[in-house]
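Peer 1: Have a look at this one before I ask anything.
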Amino acid sequence: MRNYKSILFSVLALFAPMASNAKVVLTAINPANHQRQEVVAWNANEVWQKLGVRAGTDLIVKNPYGQTVTYQITHDNRLLLEVSVLPNGKAEFTVEAGMRSCFKASVAGKQYAWRVDDITWENDLAAYRVYGPALQRTGEQAYGIDVWLKSTRELDVDHRYAVTWQSNIDKAFFRSIGNQDGVDFVDRATSFHLDHGHGLDCYNVGPSLGCGTPAVMLGDSIVMPYCYKDYKILDNGPLEFTLDLTYPTVMIDGQNITEHRTISLAKGSYFNRMTVWYDGFAKPMDIAGGVVVHTGNKADLTLGKNFIAYNDPTDSPKRHNFQIYVATIFPEDNVKTRFVADPWHRKQGIYGNAVGVRHEVKSGERFTYWFGASWCQSGTADSDFWLMQINRFEKDLNQPIKTSVE
């Protein structure tokens with residue numbers, strides 16, 4: 001019995017850190033004079049330390065009513081919560097060690113290897129796609145970041161791909177028996193290029209920047225990588241998705257250059273954060289991020305001091321009768337926005353690209369900006385409202401919610 005008790009006490013000692021009854025309070029202070037609702041971060045290491053538990057311990061986070069709320073620990077040990085804070089107000093949450101709940105995800109993404117290595121991710125407002133090596137091997141020229149529109153707050157990308165998988169099987173059957181009407185019927189009923197009640201893919205990318213893609217600038221020429229070579233998903237919800245991409249080494253201006261990107265998207269945000277850097281610059285180079293421009297109507301494009309907004313006509317404006325609102329936002333002061341009518345793009349049927357250019361970037365130096373999209377069925381009534389949303393996002397970037405662990 002004495003040996004049994006000794007073993008029992010030893011086992012309990014191993015788990016003693018998990019038995020802490022300590023609690024800490026997370027505070028979020030809104031310095032702005034307008035209501036805020038967004039995903040914000042605390043230092044998870046500080047939370048674990050003040051709770052007196054080991055790093056990585058599961059947590060329980062509660063709102064002032066004592067309700068358990070969704071949280072996420074990221075790959076770099078940030079504790080994320082979605083918070084609502086009154087103008088110039090403060091919100092508080094309590095945290096203790098304990099077995100976490102299963103949370104409903106609002107953000108997710110993955111590689112779809114069967115679909116020519118697409119990597120597609122989404123939040124509750126939109127979805128985005130980058131193209132992979134399997135697509136490059138086909139010879140199709142699709143360089144930029146794609147946008148999938150959503151009219152549902154639920155995660156929908158997996159469903160669209162599953163429907164497409166079955167659709168391919170059904171269309172192959174009808175083709176095998178020579179029934180074109182059957183092929184057309186299945187296509188109308190399942191294609192994610194048509195809206196079936198929760199959104200669609202109607203954004204033209206091709207050999208362009210698409211929405212938010214980075215590139216090297218050589219004078220008036222935009223040099224983009226093709227498709228990604230390697231990827232790693234660092235965070236996959238429930239509140240934030242983070243993706244690392246490495247592109248094949250290519251020769252640019254006599255230099256062997258490799259592009260790296262880290263992209264993250266949070267719940268409730270119209271904008272992804274893009275951080276890009278290049279290895280192999282023997283000399284400082286100009287780099288840019290921007291959006292493809294398909295129309296010559298001056299009213300469609302706004303080149304702000306530190307943002308670009310564009311009203312994209314979709315791939316079939318006469319049939320869709322709506323626009324896709326896209327933008328890139330540059331919080332750094334040393335970025336110049338401009339329209340580039342690249343002759344090579346004109347040959348591809350692209351009117352041009354609107355870019356924010358950062359000059360004299362050194363090898364390994366990070367360039368961070370934001371990109372995103374919306375439409376009339378995901379909270380953006382028209383182009384004027386889109387400009388207001390961009391302006392509010394910029395203001396919030398400049399006066400972030402202040403967090404502390406008490």
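Residue numbering restarts at 1 in every chain; chains get A, B, ... in the order shown in the structure tokens, and ligands count up from 1 in that same order.
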Could you please write out, as a list of chain:residue names, every residue of range 86-144 of chain A that DSSP assigns to helix (DSSP H, G or I)?
Peer 2: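 Here is the list: A:Pro133, A:Ala134, A:Leu135, A:Gln136, A:Arg137, A:Thr138.
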Peer 1: Those residues with C-alpha atoms, as a CSV table (one decimal), in the first residue's frame please?
Peer 2:
chain,number,residue,atom,x,y,z
A,133,PRO,CA,3.2,23.0,-59.3
A,134,ALA,CA,0.7,20.6,-60.9
A,135,LEU,CA,-1.0,23.5,-62.6
A,136,GLN,CA,2.3,24.8,-63.8
A,137,ARG,CA,3.1,21.5,-65.4
A,138,THR,CA,-0.1,21.8,-67.5
Peer 1: Near Gly304 in chain A, counting only C-alpha atoms, which residues have an atom at most 9 Å away, once you skip same-chain residues fewer than 4 positions from it, shown as JSON, numbers by chain?
Peer 2: {"A": [308, 309, 337]}
Peer 1: For the structure I just gave you, how does DSSP split range 44-130 of chain A - specifically, which residues are strand (DSSP E or B)? Reply as a ChimeraX atom specification.
Peer 2: /A:59-62,68,71-73,78-85,90-97,108-112,118-122,126-130
Peer 1: Would you mind telling me which residue in A:Ile119, A:Ser208, A:Pro238, A:Lys318 lies nearest to Ile73 in chain A when using only C-alpha atoms?
Peer 2: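 The shortest atom-to-atom distance to Ile73 in chain A comes from A:Pro238.
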Peer 1: Residues near Trp148 in chain A, anyone? I mean within 12 Å using only C-alpha atoms, not counting same-chain ones fewer than 2 positions away, as a ChimeraX atom specification.
Peer 2: /A:120-130,145-146,150-152,156-157,160,192-195,198-205,210-211,314,324-326,372-375,378
Peer 1: At a cut-off of 12 Å, using only C-alpha atoms, what residues contact range 49-59 of chain A? Leave out same-chain residues fewer than 2 positions from it and give the result as a JSON list (two decimals) with all heavy atoms, in the first residue's frame.
Peer 2:
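Once everything was written out, this is part-v9.json:
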[["chain", "number", "residue", "atom", "x", "y", "z"],
["A", 14, "LEU", "N", 3.39, 15.01, -11.26],
["A", 14, "LEU", "CA", 3.67, 15.29, -12.67],
["A", 14, "LEU", "C", 2.63, 16.20, -13.27],
["A", 14, "LEU", "O", 2.90, 17.03, -14.15],
["A", 14, "LEU", "CB", 3.73, 13.98, -13.47],
["A", 14, "LEU", "CG", 4.96, 13.09, -13.24],
["A", 14, "LEU", "CD1", 4.78, 11.77, -13.98],
["A", 14, "LEU", "CD2", 6.22, 13.80, -13.72],
["A", 15, "PHE", "N", 1.38, 16.04, -12.83],
["A", 15, "PHE", "CA", 0.27, 16.82, -13.38],
["A", 15, "PHE", "C", -0.11, 18.01, -12.51],
["A", 15, "PHE", "O", -1.11, 18.67, -12.75],
["A", 15, "PHE", "CB", -0.95, 15.92, -13.59],
["A", 15, "PHE", "CG", -0.76, 14.92, -14.68],
["A", 15, "PHE", "CD1", -0.31, 13.64, -14.40],
["A", 15, "PHE", "CD2", -1.00, 15.26, -16.01],
["A", 15, "PHE", "CE1", -0.12, 12.72, -15.41],
["A", 15, "PHE", "CE2", -0.82, 14.34, -17.02],
["A", 15, "PHE", "CZ", -0.37, 13.06, -16.73],
["A", 16, "ALA", "N", 0.71, 18.29, -11.50],
["A", 16, "ALA", "CA", 0.39, 19.40, -10.60],
["A", 16, "ALA", "C", 0.21, 20.72, -11.32],
["A", 16, "ALA", "O", -0.70, 21.49, -10.99],
["A", 16, "ALA", "CB", 1.48, 19.53, -9.52],
["A", 17, "PRO", "N", 1.04, 21.04, -12.34],
["A", 17, "PRO", "CA", 0.82, 22.31, -13.03],
["A", 17, "PRO", "C", -0.55, 22.44, -13.66],
["A", 17, "PRO", "O", -1.07, 23.53, -13.82],
["A", 17, "PRO", "CB", 1.94, 22.31, -14.11],
["A", 17, "PRO", "CG", 2.99, 21.42, -13.54],
["A", 17, "PRO", "CD", 2.24, 20.36, -12.81],
["A", 18, "MET", "N", -1.14, 21.29, -14.02],
["A", 18, "MET", "CA", -2.46, 21.32, -14.65],
["A", 18, "MET", "C", -3.55, 21.62, -13.63],
["A", 18, "MET", "O", -4.66, 21.96, -13.97],
["A", 18, "MET", "CB", -2.76, 19.98, -15.32],
["A", 18, "MET", "CG", -1.85, 19.66, -16.50],
["A", 18, "MET", "SD", -2.19, 20.75, -17.88],
["A", 18, "MET", "CE", -3.82, 20.18, -18.32],
["A", 19, "ALA", "N", -3.23, 21.45, -12.33],
["A", 19, "ALA", "CA", -4.25, 21.58, -11.31],
["A", 19, "ALA", "C", -4.34, 22.99, -10.73],
["A", 19, "ALA", "O", -5.02, 23.23, -9.75],
["A", 19, "ALA", "CB", -3.99, 20.58, -10.20],
["A", 20, "SER", "N", -3.63, 23.93, -11.32],
["A", 20, "SER", "CA", -3.63, 25.30, -10.81],
["A", 20, "SER", "C", -5.03, 25.90, -10.86],
["A", 20, "SER", "O", -5.75, 25.75, -11.82],
["A", 20, "SER", "CB", -2.67, 26.16, -11.64],
["A", 20, "SER", "OG", -2.81, 27.51, -11.30],
["A", 21, "ASN", "N", -5.39, 26.59, -9.74],
["A", 21, "ASN", "CA", -6.68, 27.27, -9.70],
["A", 21, "ASN", "C", -6.55, 28.75, -10.03],
["A", 21, "ASN", "O", -7.50, 29.51, -9.88],
["A", 21, "ASN", "CB", -7.32, 27.11, -8.31],
["A", 21, "ASN", "CG", -7.72, 25.67, -8.05],
["A", 21, "ASN", "OD1", -8.25, 25.01, -8.94],
["A", 21, "ASN", "ND2", -7.48, 25.20, -6.83],
["A", 22, "ALA", "N", -5.38, 29.15, -10.46],
["A", 22, "ALA", "CA", -5.13, 30.56, -10.75],
["A", 22, "ALA", "C", -5.94, 31.00, -11.96],
["A", 22, "ALA", "O", -6.26, 30.22, -12.84],
["A", 22, "ALA", "CB", -3.65, 30.79, -10.99],
["A", 23, "LYS", "N", -6.26, 32.31, -11.98],
["A", 23, "LYS", "CA", -6.93, 32.91, -13.12],
["A", 23, "LYS", "C", -6.23, 34.22, -13.46],
["A", 23, "LYS", "O", -5.68, 34.89, -12.58],
["A", 23, "LYS", "CB", -8.40, 33.19, -12.81],
["A", 23, "LYS", "CG", -9.25, 31.96, -12.58],
["A", 23, "LYS", "CD", -10.70, 32.33, -12.34],
["A", 23, "LYS", "CE", -11.55, 31.08, -12.09],
["A", 23, "LYS", "NZ", -12.98, 31.43, -11.87],
["A", 24, "VAL", "N", -6.24, 34.55, -14.72],
["A", 24, "VAL", "CA", -5.74, 35.85, -15.14],
["A", 24, "VAL", "C", -6.84, 36.53, -15.95],
["A", 24, "VAL", "O", -7.78, 35.88, -16.43],
["A", 24, "VAL", "CB", -4.44, 35.75, -15.97],
["A", 24, "VAL", "CG1", -3.34, 35.11, -15.17],
["A", 24, "VAL", "CG2", -4.68, 34.99, -17.27],
["A", 25, "VAL", "N", -6.71, 37.83, -16.09],
["A", 25, "VAL", "CA", -7.68, 38.61, -16.84],
["A", 25, "VAL", "C", -7.01, 39.18, -18.08],
["A", 25, "VAL", "O", -5.95, 39.81, -17.99],
["A", 25, "VAL", "CB", -8.25, 39.75, -15.98],
["A", 25, "VAL", "CG1", -9.21, 40.62, -16.81],
["A", 25, "VAL", "CG2", -8.98, 39.19, -14.76],
["A", 26, "LEU", "N", -7.62, 38.95, -19.23],
["A", 26, "LEU", "CA", -7.17, 39.56, -20.48],
["A", 26, "LEU", "C", -7.98, 40.82, -20.70],
["A", 26, "LEU", "O", -9.21, 40.80, -20.67],
["A", 26, "LEU", "CB", -7.39, 38.60, -21.65],
["A", 26, "LEU", "CG", -6.78, 37.21, -21.56],
["A", 26, "LEU", "CD1", -7.12, 36.41, -22.83],
["A", 26, "LEU", "CD2", -5.29, 37.27, -21.34],
["A", 43, "ASN", "N", -0.02, 37.70, -25.63],
["A", 43, "ASN", "CA", 1.16, 36.84, -25.55],
["A", 43, "ASN", "C", 0.80, 35.61, -24.72],
["A", 43, "ASN", "O", 0.61, 35.70, -23.50],
["A", 43, "ASN", "CB", 2.31, 37.61, -24.90],
["A", 43, "ASN", "CG", 3.61, 36.83, -24.89],
["A", 43, "ASN", "OD1", 3.61, 35.61, -24.81],
["A", 43, "ASN", "ND2", 4.72, 37.54, -24.98],
["A", 44, "ALA", "N", 0.70, 34.46, -25.38],
["A", 44, "ALA", "CA", 0.30, 33.24, -24.68],
["A", 44, "ALA", "C", 1.35, 32.82, -23.65],
["A", 44, "ALA", "O", 0.99, 32.28, -22.59],
["A", 44, "ALA", "CB", 0.08, 32.10, -25.69],
["A", 45, "ASN", "N", 2.62, 33.06, -23.92],
["A", 45, "ASN", "CA", 3.65, 32.72, -22.95],
["A", 45, "ASN", "C", 3.46, 33.48, -21.64],
["A", 45, "ASN", "O", 3.65, 32.93, -20.55],
["A", 45, "ASN", "CB", 5.05, 33.02, -23.52],
["A", 45, "ASN", "CG", 5.44, 32.06, -24.63],
["A", 45, "ASN", "OD1", 5.15, 30.87, -24.56],
["A", 45, "ASN", "ND2", 6.08, 32.57, -25.66],
["A", 46, "GLU", "N", 3.05, 34.75, -21.76],
["A", 46, "GLU", "CA", 2.79, 35.54, -20.56],
["A", 46, "GLU", "C", 1.59, 35.00, -19.80],
["A", 46, "GLU", "O", 1.59, 34.96, -18.56],
["A", 46, "GLU", "CB", 2.56, 37.00, -20.95],
["A", 46, "GLU", "CG", 2.41, 37.94, -19.76],
["A", 46, "GLU", "CD", 2.19, 39.37, -20.17],
["A", 46, "GLU", "OE1", 2.18, 39.66, -21.39],
["A", 46, "GLU", "OE2", 2.01, 40.21, -19.27],
["A", 47, "VAL", "N", 0.57, 34.55, -20.53],
["A", 47, "VAL", "CA", -0.62, 33.97, -19.87],
["A", 47, "VAL", "C", -0.24, 32.71, -19.11],
["A", 47, "VAL", "O", -0.59, 32.55, -17.93],
["A", 47, "VAL", "CB", -1.71, 33.66, -20.92],
["A", 47, "VAL", "CG1", -2.88, 32.92, -20.28],
["A", 47, "VAL", "CG2", -2.20, 34.94, -21.57],
["A", 61, "VAL", "N", -11.19, 30.07, -21.69],
["A", 61, "VAL", "CA", -11.38, 31.52, -21.72],
["A", 61, "VAL", "C", -12.87, 31.81, -21.62],
["A", 61, "VAL", "O", -13.68, 31.22, -22.34],
["A", 61, "VAL", "CB", -10.80, 32.14, -23.01],
["A", 61, "VAL", "CG1", -10.92, 33.65, -22.97],
["A", 61, "VAL", "CG2", -9.33, 31.73, -23.20],
["A", 62, "LYS", "N", -13.23, 32.75, -20.72],
["A", 62, "LYS", "CA", -14.64, 33.05, -20.49],
["A", 62, "LYS", "C", -14.88, 34.56, -20.61],
["A", 62, "LYS", "O", -14.03, 35.37, -20.26],
["A", 62, "LYS", "CB", -15.08, 32.58, -19.11],
["A", 62, "LYS", "CG", -15.03, 31.06, -18.95],
["A", 62, "LYS", "CD", -15.48, 30.65, -17.55],
["A", 62, "LYS", "CE", -15.43, 29.13, -17.39],
["A", 62, "LYS", "NZ", -15.86, 28.72, -16.02],
["A", 68, "THR", "N", -17.92, 30.20, -22.05],
["A", 68, "THR", "CA", -16.67, 29.84, -22.70],
["A", 68, "THR", "C", -16.65, 30.39, -24.12],
["A", 68, "THR", "O", -17.64, 30.27, -24.85],
["A", 68, "THR", "CB", -16.51, 28.31, -22.74],
["A", 68, "THR", "OG1", -16.52, 27.79, -21.41],
["A", 68, "THR", "CG2", -15.21, 27.92, -23.42],
["A", 69, "VAL", "N", -15.56, 31.00, -24.51],
["A", 69, "VAL", "CA", -15.45, 31.61, -25.83],
["A", 69, "VAL", "C", -14.33, 30.93, -26.61],
["A", 69, "VAL", "O", -13.42, 30.33, -26.05],
["A", 69, "VAL", "CB", -15.20, 33.14, -25.75],
["A", 69, "VAL", "CG1", -16.36, 33.83, -25.06],
["A", 69, "VAL", "CG2", -13.89, 33.43, -25.04],
["A", 70, "THR", "N", -14.42, 31.06, -27.94],
["A", 70, "THR", "CA", -13.44, 30.47, -28.83],
["A", 70, "THR", "C", -12.11, 31.22, -28.73],
["A", 70, "THR", "O", -12.08, 32.45, -28.73],
["A", 70, "THR", "CB", -13.94, 30.53, -30.28],
["A", 70, "THR", "OG1", -15.16, 29.79, -30.37],
["A", 70, "THR", "CG2", -12.93, 29.94, -31.25],
["A", 71, "TYR", "N", -11.02, 30.45, -28.66],
["A", 71, "TYR", "CA", -9.71, 31.06, -28.72],
["A", 71, "TYR", "C", -8.80, 30.21, -29.60],
["A", 71, "TYR", "O", -9.14, 29.08, -29.97],
["A", 71, "TYR", "CB", -9.09, 31.23, -27.32],
["A", 71, "TYR", "CG", -8.56, 29.95, -26.70],
["A", 71, "TYR", "CD1", -7.23, 29.56, -26.90],
["A", 71, "TYR", "CD2", -9.36, 29.15, -25.90],
["A", 71, "TYR", "CE1", -6.74, 28.40, -26.33],
["A", 71, "TYR", "CE2", -8.87, 27.99, -25.33],
["A", 71, "TYR", "CZ", -7.56, 27.61, -25.54],
["A", 71, "TYR", "OH", -7.07, 26.46, -24.99],
["A", 72, "GLN", "N", -7.65, 30.74, -29.93],
["A", 72, "GLN", "CA", -6.66, 30.02, -30.74],
["A", 72, "GLN", "C", -5.27, 30.37, -30.27],
["A", 72, "GLN", "O", -4.97, 31.54, -29.99],
["A", 72, "GLN", "CB", -6.81, 30.38, -32.22],
["A", 72, "GLN", "CG", -5.79, 29.72, -33.14],
["A", 72, "GLN", "CD", -5.97, 30.10, -34.60],
["A", 72, "GLN", "OE1", -7.04, 30.57, -35.00],
["A", 72, "GLN", "NE2", -4.94, 29.91, -35.41],
["A", 73, "ILE", "N", -4.41, 29.36, -30.17],
["A", 73, "ILE", "CA", -2.99, 29.58, -29.93],
["A", 73, "ILE", "C", -2.28, 29.39, -31.27],
["A", 73, "ILE", "O", -2.37, 28.33, -31.89],
["A", 73, "ILE", "CB", -2.41, 28.61, -28.89],
["A", 73, "ILE", "CG1", -3.18, 28.71, -27.56],
["A", 73, "ILE", "CG2", -0.91, 28.90, -28.68],
["A", 73, "ILE", "CD1", -3.05, 30.03, -26.86],
["A", 74, "THR", "N", -1.57, 30.40, -31.73],
["A", 74, "THR", "CA", -0.94, 30.35, -33.04],
["A", 74, "THR", "C", 0.44, 29.70, -32.97],
["A", 74, "THR", "O", 0.97, 29.41, -31.88],
["A", 74, "THR", "CB", -0.78, 31.77, -33.60],
["A", 74, "THR", "OG1", 0.13, 32.51, -32.76],
["A", 74, "THR", "CG2", -2.12, 32.48, -33.66],
["A", 75, "HIS", "N", 1.04, 29.50, -34.15],
["A", 75, "HIS", "CA", 2.35, 28.86, -34.23],
["A", 75, "HIS", "C", 3.43, 29.67, -33.52],
["A", 75, "HIS", "O", 4.44, 29.11, -33.08],
["A", 75, "HIS", "CB", 2.75, 28.66, -35.70],
["A", 75, "HIS", "CG", 3.11, 29.93, -36.41],
["A", 75, "HIS", "ND1", 2.16, 30.85, -36.84],
["A", 75, "HIS", "CD2", 4.31, 30.47, -36.74],
["A", 75, "HIS", "CE1", 2.77, 31.86, -37.42],
["A", 75, "HIS", "NE2", 4.07, 31.67, -37.37],
["A", 76, "ASP", "N", 3.22, 30.99, -33.39],
["A", 76, "ASP", "CA", 4.19, 31.84, -32.70],
["A", 76, "ASP", "C", 3.70, 32.26, -31.31],
["A", 76, "ASP", "O", 4.09, 33.29, -30.77],
["A", 76, "ASP", "CB", 4.52, 33.07, -33.55],
["A", 76, "ASP", "CG", 3.28, 33.83, -34.00],
["A", 76, "ASP", "OD1", 2.15, 33.35, -33.75],
["A", 76, "ASP", "OD2", 3.44, 34.90, -34.62],
["A", 77, "ASN", "N", 2.83, 31.42, -30.73],
["A", 77, "ASN", "CA", 2.37, 31.58, -29.35],
["A", 77, "ASN", "C", 1.67, 32.92, -29.08],
["A", 77, "ASN", "O", 1.93, 33.58, -28.08],
["A", 77, "ASN", "CB", 3.52, 31.36, -28.36],
["A", 77, "ASN", "CG", 3.85, 29.89, -28.18],
["A", 77, "ASN", "OD1", 3.04, 29.02, -28.52],
["A", 77, "ASN", "ND2", 5.03, 29.60, -27.67],
["A", 78, "ARG", "N", 0.77, 33.27, -29.97],
["A", 78, "ARG", "CA", -0.17, 34.35, -29.69],
["A", 78, "ARG", "C", -1.51, 33.73, -29.31],
["A", 78, "ARG", "O", -1.92, 32.74, -29.91],
["A", 78, "ARG", "CB", -0.35, 35.26, -30.91],
["A", 78, "ARG", "CG", 0.87, 36.08, -31.27],
["A", 78, "ARG", "CD", 0.68, 36.85, -32.55],
["A", 78, "ARG", "NE", 0.45, 35.96, -33.67],
["A", 78, "ARG", "CZ", -0.56, 36.06, -34.53],
["A", 78, "ARG", "NH1", -1.46, 37.01, -34.40],
["A", 78, "ARG", "NH2", -0.67, 35.20, -35.53],
["A", 79, "LEU", "N", -2.16, 34.29, -28.33],
["A", 79, "LEU", "CA", -3.50, 33.83, -27.94],
["A", 79, "LEU", "C", -4.50, 34.77, -28.61],
["A", 79, "LEU", "O", -4.52, 35.97, -28.33],
["A", 79, "LEU", "CB", -3.66, 33.85, -26.42],
["A", 79, "LEU", "CG", -4.92, 33.21, -25.83],
["A", 79, "LEU", "CD1", -4.70, 32.86, -24.36],
["A", 79, "LEU", "CD2", -6.15, 34.10, -25.94],
["A", 80, "LEU", "N", -5.32, 34.22, -29.49],
["A", 80, "LEU", "CA", -6.27, 35.02, -30.26],
["A", 80, "LEU", "C", -7.68, 34.89, -29.70],
["A", 80, "LEU", "O", -8.13, 33.79, -29.37],
["A", 80, "LEU", "CB", -6.28, 34.57, -31.73],
["A", 80, "LEU", "CG", -4.96, 34.57, -32.48],
["A", 80, "LEU", "CD1", -5.19, 34.13, -33.93],
["A", 80, "LEU", "CD2", -4.29, 35.93, -32.44],
["A", 94, "THR", "N", -11.65, 36.25, -18.65],
["A", 94, "THR", "CA", -10.87, 35.50, -17.67],
["A", 94, "THR", "C", -10.33, 34.23, -18.30],
["A", 94, "THR", "O", -10.98, 33.62, -19.17],
["A", 94, "THR", "CB", -11.70, 35.14, -16.43],
["A", 94, "THR", "OG1", -12.84, 34.35, -16.85],
["A", 94, "THR", "CG2", -12.18, 36.38, -15.72],
["A", 95, "VAL", "N", -9.13, 33.85, -17.86],
["A", 95, "VAL", "CA", -8.48, 32.65, -18.39],
["A", 95, "VAL", "C", -8.02, 31.79, -17.23],
["A", 95, "VAL", "O", -7.49, 32.30, -16.23],
["A", 95, "VAL", "CB", -7.25, 33.02, -19.27],
["A", 95, "VAL", "CG1", -6.69, 31.76, -19.93],
["A", 95, "VAL", "CG2", -7.62, 34.04, -20.32],
["A", 96, "GLU", "N", -8.21, 30.50, -17.37],
["A", 96, "GLU", "CA", -7.70, 29.54, -16.40],
["A", 96, "GLU", "C", -7.25, 28.30, -17.14],
["A", 96, "GLU", "O", -7.62, 28.08, -18.31],
["A", 96, "GLU", "CB", -8.78, 29.18, -15.37],
["A", 96, "GLU", "CG", -10.04, 28.59, -16.00],
["A", 96, "GLU", "CD", -11.17, 28.46, -14.98],
["A", 96, "GLU", "OE1", -11.23, 27.39, -14.34],
["A", 96, "GLU", "OE2", -11.95, 29.42, -14.85],
["A", 97, "ALA", "N", -6.44, 27.50, -16.50],
["A", 97, "ALA", "CA", -6.02, 26.24, -17.10],
["A", 97, "ALA", "C", -7.16, 25.24, -17.04],
["A", 97, "ALA", "O", -7.92, 25.20, -16.07],
["A", 97, "ALA", "CB", -4.80, 25.69, -16.36],
["A", 98, "GLY", "N", -7.30, 24.42, -18.07],
["A", 98, "GLY", "CA", -8.36, 23.43, -18.10],
["A", 98, "GLY", "C", -8.55, 22.88, -19.49],
["A", 98, "GLY", "O", -8.01, 23.42, -20.46],
["A", 99, "MET", "N", -9.32, 21.82, -19.58],
["A", 99, "MET", "CA", -9.51, 21.17, -20.87],
["A", 99, "MET", "C", -10.33, 22.07, -21.80],
["A", 99, "MET", "O", -11.45, 22.44, -21.48],
["A", 99, "MET", "CB", -10.20, 19.82, -20.70],
["A", 99, "MET", "CG", -10.29, 19.02, -21.99],
["A", 99, "MET", "SD", -10.89, 17.33, -21.71],
["A", 99, "MET", "CE", -9.54, 16.64, -20.76],
["A", 100, "ARG", "N", -9.75, 22.39, -22.94],
["A", 100, "ARG", "CA", -10.42, 23.29, -23.88],
["A", 100, "ARG", "C", -11.59, 22.62, -24.56],
["A", 100, "ARG", "O", -11.65, 21.39, -24.67],
["A", 100, "ARG", "CB", -9.43, 23.79, -24.94],
["A", 100, "ARG", "CG", -8.86, 22.72, -25.83],
["A", 100, "ARG", "CD", -7.90, 23.31, -26.84],
["A", 100, "ARG", "NE", -8.60, 24.12, -27.83],
["A", 100, "ARG", "CZ", -7.97, 24.91, -28.70],
["A", 100, "ARG", "NH1", -6.66, 25.01, -28.69],
["A", 100, "ARG", "NH2", -8.66, 25.61, -29.57],
["A", 101, "SER", "N", -12.52, 23.41, -25.03],
["A", 101, "SER", "CA", -13.68, 22.90, -25.77],
["A", 101, "SER", "C", -13.33, 22.73, -27.23],
["A", 101, "SER", "O", -12.29, 23.20, -27.71],
["A", 101, "SER", "CB", -14.85, 23.88, -25.63],
["A", 101, "SER", "OG", -15.17, 24.12, -24.28],
["A", 102, "CYS", "N", -14.21, 22.06, -27.96],
["A", 102, "CYS", "CA", -14.10, 22.01, -29.42],
["A", 102, "CYS", "C", -14.78, 23.25, -29.98],
["A", 102, "CYS", "O", -15.94, 23.51, -29.65],
["A", 102, "CYS", "CB", -14.76, 20.74, -29.96],
["A", 102, "CYS", "SG", -13.90, 19.23, -29.50],
["A", 404, "SER", "N", -3.54, 43.54, -22.64],
["A", 404, "SER", "CA", -2.67, 43.29, -21.51],
["A", 404, "SER", "C", -3.16, 42.05, -20.77],
["A", 404, "SER", "O", -4.32, 41.63, -20.89],
["A", 404, "SER", "CB", -2.63, 44.48, -20.55],
["A", 404, "SER", "OG", -3.92, 44.73, -20.02],
["A", 405, "VAL", "N", -2.25, 41.45, -20.00],
["A", 405, "VAL", "CA", -2.56, 40.27, -19.18],
["A", 405, "VAL", "C", -2.41, 40.70, -17.73],
["A", 405, "VAL", "O", -1.32, 41.09, -17.31],
["A", 405, "VAL", "CB", -1.61, 39.11, -19.50],
["A", 405, "VAL", "CG1", -1.97, 37.88, -18.67],
["A", 405, "VAL", "CG2", -1.62, 38.78, -21.00],
["A", 406, "GLU", "N", -3.49, 40.64, -16.97],
["A", 406, "GLU", "CA", -3.46, 41.16, -15.59],
["A", 406, "GLU", "C", -3.78, 40.04, -14.60],
["A", 406, "GLU", "O", -4.53, 39.11, -14.93],
["A", 406, "GLU", "CB", -4.49, 42.28, -15.44],
["A", 406, "GLU", "CG", -4.23, 43.45, -16.38],
["A", 406, "GLU", "CD", -5.27, 44.53, -16.28],
["A", 406, "GLU", "OE1", -6.24, 44.35, -15.51],
["A", 406, "GLU", "OE2", -5.13, 45.56, -16.98]]
Peer 1: Between A:Val39, A:Ala28, A:Arg115, A:Arg153, which has the minimum distance to Asn88 in chain A (counting only C-alpha atoms)?
Peer 2: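 With only C-alpha atoms as the atom set, the closest residue is A:Ala28.
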Peer 1: Between CA of Ile287 in chain A and CA of Val361 in chain A, what is the distance in Å, rounded to a tenth?
Peer 2: 7.0 Å
